[in-house]
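Asker: Pasting a structure here, questions to come.
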Amino acid sequence: MFFQNINYWIVITATIVGMIVGFIWYAPWAFGKLWIKSKSAPAEKPKTSTWIGMTISTLITAFVLATLFNSLIIVSLWGLVLTAFLLWVGFAVPMKLGDYYFGGDSFTFFLLSVGHELVLLIVMSLIIGIFG
């Protein structure tokens, strides 16, 4: 069955690591200051509901990756990275391009956002692919 062999502990682990990737990526000492500077809207302190929403969306991403990897045959680390890259090119970049073209944010903001998505997909794919 489609959802039969999913390791939910690994999905939760990938979610936690995915959130940590976001904390690091957008930290002031990493890309946080540049990201805030490149936003078209003023920066606000995130609300609790924002963190809950991001955690749920990261959990959904981890679950979908686990479901996808459950039905694919990937035999190497390179295969996991390539799959993550193709998901990024096929889904994350085109969707973020729409936000860039119609949202009024800078190209720097776009690059920081899609860069985060690429790192997130690769890290989560490696965790789920190796341990899931």
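We label chains A, B, ... in the order they appear in the structure tokens, count residues from 1 in each chain, and number ligands from 1 in the order shown.
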Please report, as a tab-separated table, each residue of segment 73-129 of chain A lying at most 12 Å from segment 22-34 of chain A, together with the nearest pair of atoms and the separation in Å rounded to one decimal; use only C-alpha atoms, and order rows by chain and ascending residue number.
Answerer:
residue	atom	partner	partner_atom	distance
A:Ser106	CA	A:Leu34	CA	11.1
A:Phe107	CA	A:Leu34	CA	11.8
A:Thr108	CA	A:Leu34	CA	8.2
A:Phe109	CA	A:Leu34	CA	8.2
A:Phe110	CA	A:Leu34	CA	11.6
A:Leu111	CA	A:Phe31	CA	10.9
A:Leu112	CA	A:Phe31	CA	7.5
A:Ser113	CA	A:Trp25	CA	9.6
A:Val114	CA	A:Trp25	CA	11.5
A:Gly115	CA	A:Trp25	CA	9.2
A:His116	CA	A:Trp25	CA	6.7
A:Glu117	CA	A:Gly22	CA	9.1
A:Leu118	CA	A:Gly22	CA	11.4
A:Val119	CA	A:Trp25	CA	9.2
A:Leu120	CA	A:Gly22	CA	7.7
A:Leu121	CA	A:Gly22	CA	11.4
A:Val123	CA	A:Gly22	CA	11.3
A:Met124	CA	A:Gly22	CA	11.9
Asker: Can you spit out the residues from that selection as a CSV table (one decimal), in the first residue's frame, using C-alpha atoms?
Answerer:
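In the end it all went to result_15.csv:
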chain,number,residue,atom,x,y,z
A,106,SER,CA,13.4,41.9,-4.8
A,107,PHE,CA,15.4,39.4,-6.8
A,108,THR,CA,17.6,39.0,-3.7
A,109,PHE,CA,14.6,38.0,-1.7
A,110,PHE,CA,13.6,35.5,-4.4
A,111,LEU,CA,17.1,34.0,-4.4
A,112,LEU,CA,17.2,33.7,-0.6
A,113,SER,CA,13.8,32.0,-0.5
A,114,VAL,CA,14.5,29.5,-3.3
A,115,GLY,CA,17.9,28.8,-1.8
A,116,HIS,CA,16.4,27.9,1.5
A,117,GLU,CA,13.9,25.7,-0.3
A,118,LEU,CA,16.7,23.8,-2.1
A,119,VAL,CA,18.7,23.2,1.1
A,120,LEU,CA,15.6,22.2,2.9
A,121,LEU,CA,14.6,19.7,0.3
A,123,VAL,CA,18.5,17.8,3.8
A,124,MET,CA,15.1,16.3,4.3
Asker: To test your reading of the structure, identify every residue in chain A that backbone DSSP assigns to helix (DSSP H, G or I), and report it as number ranges by chain.
Answerer: A: 8-25, 28-38, 48-71, 77-103, 107-131
Asker: Would you kindly return, as a compact mmCIF listing (two decimals) with C-alpha atoms, in the first residue's frame, each protein, DNA or RNA residue with an atom no farther than 7 Å from any atom of segment 9-14 of chain A, considering only C-alpha atoms and excluding same-chain residues fewer than 3 positions away?
Answerer:
# COMPACT_ATOMS: atom_id res chain seq x y z
CA VAL A 17 15.74 19.21 11.22
CA GLY A 18 13.88 21.16 8.52
CA LEU A 59 5.71 18.28 8.41
CA ALA A 62 8.45 15.64 5.05
CA PHE A 63 5.41 13.37 4.80
CA ALA A 66 8.47 10.02 2.58
CA MET A 124 15.05 16.35 4.31
CA ILE A 127 17.29 12.10 6.13
CA ILE A 128 14.18 10.37 4.82
CA PHE A 131 16.89 6.46 7.51
CA GLY A 132 13.28 6.14 6.33
Asker: Using atom CA of Phe3 of chain A and atom CA of Ile74 of chain A as the two end points, give the distance in Å to one decimal.
Answerer: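 Result for atom CA of Phe3 of chain A versus atom CA of Ile74 of chain A: 17.3 Å, one decimal.
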Asker: Leaving out Asp105 of chain A and any residue of its chain fewer than 4 positions from it, which residues lie within 12 Å of it when counting only C-alpha atoms, given as an MDAnalysis selection string?
Answerer: chainID A and resid 35:42 96:101 109:113
Asker: Convert the current residue selection to file output with C-alpha atoms, as a short mmCIF file (atom, residue, chain, number, x, y, z; two decimals), in the first residue's frame.
Answerer:
data_model
loop_
_atom_site.label_atom_id
_atom_site.label_comp_id
_atom_site.auth_asym_id
_atom_site.auth_seq_id
_atom_site.Cartn_x
_atom_site.Cartn_y
_atom_site.Cartn_z
CA TRP A 35 16.43 38.69 3.84
CA ILE A 36 14.75 41.38 5.96
CA LYS A 37 16.50 44.15 4.00
CA SER A 38 15.34 42.65 0.69
CA LYS A 39 11.67 42.27 1.74
CA SER A 40 9.21 44.71 0.27
CA ALA A 41 7.16 44.76 3.50
CA PRO A 42 8.50 45.78 6.90
CA LYS A 96 8.32 31.26 -5.97
CA LEU A 97 8.75 32.89 -9.40
CA GLY A 98 5.06 33.74 -9.36
CA ASP A 99 5.52 35.38 -5.98
CA TYR A 100 8.54 37.27 -7.31
CA TYR A 101 6.85 38.50 -10.48
CA PHE A 109 14.56 38.01 -1.67
CA PHE A 110 13.61 35.49 -4.37
CA LEU A 111 17.11 33.96 -4.39
CA LEU A 112 17.21 33.68 -0.59
CA SER A 113 13.78 32.04 -0.54
#
Asker: Tell me, as a list of chain:residue names, which residues lie within 12 Å of Thr83 of chain A, counting only C-alpha atoms; anything in the same chain fewer than 5 positions away does not count.
Answerer: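 In the requested format, the answer is A:Leu65, A:Leu68, A:Phe69, A:Leu72, A:Ile73, A:Ile74, A:Val75, A:Ser76, A:Leu77, A:Trp78, A:Trp88, A:Val89, A:Gly90, A:Phe91, A:Leu118, A:Leu121, A:Ile122, A:Val123, A:Met124, A:Ser125, A:Leu126, A:Gly129.
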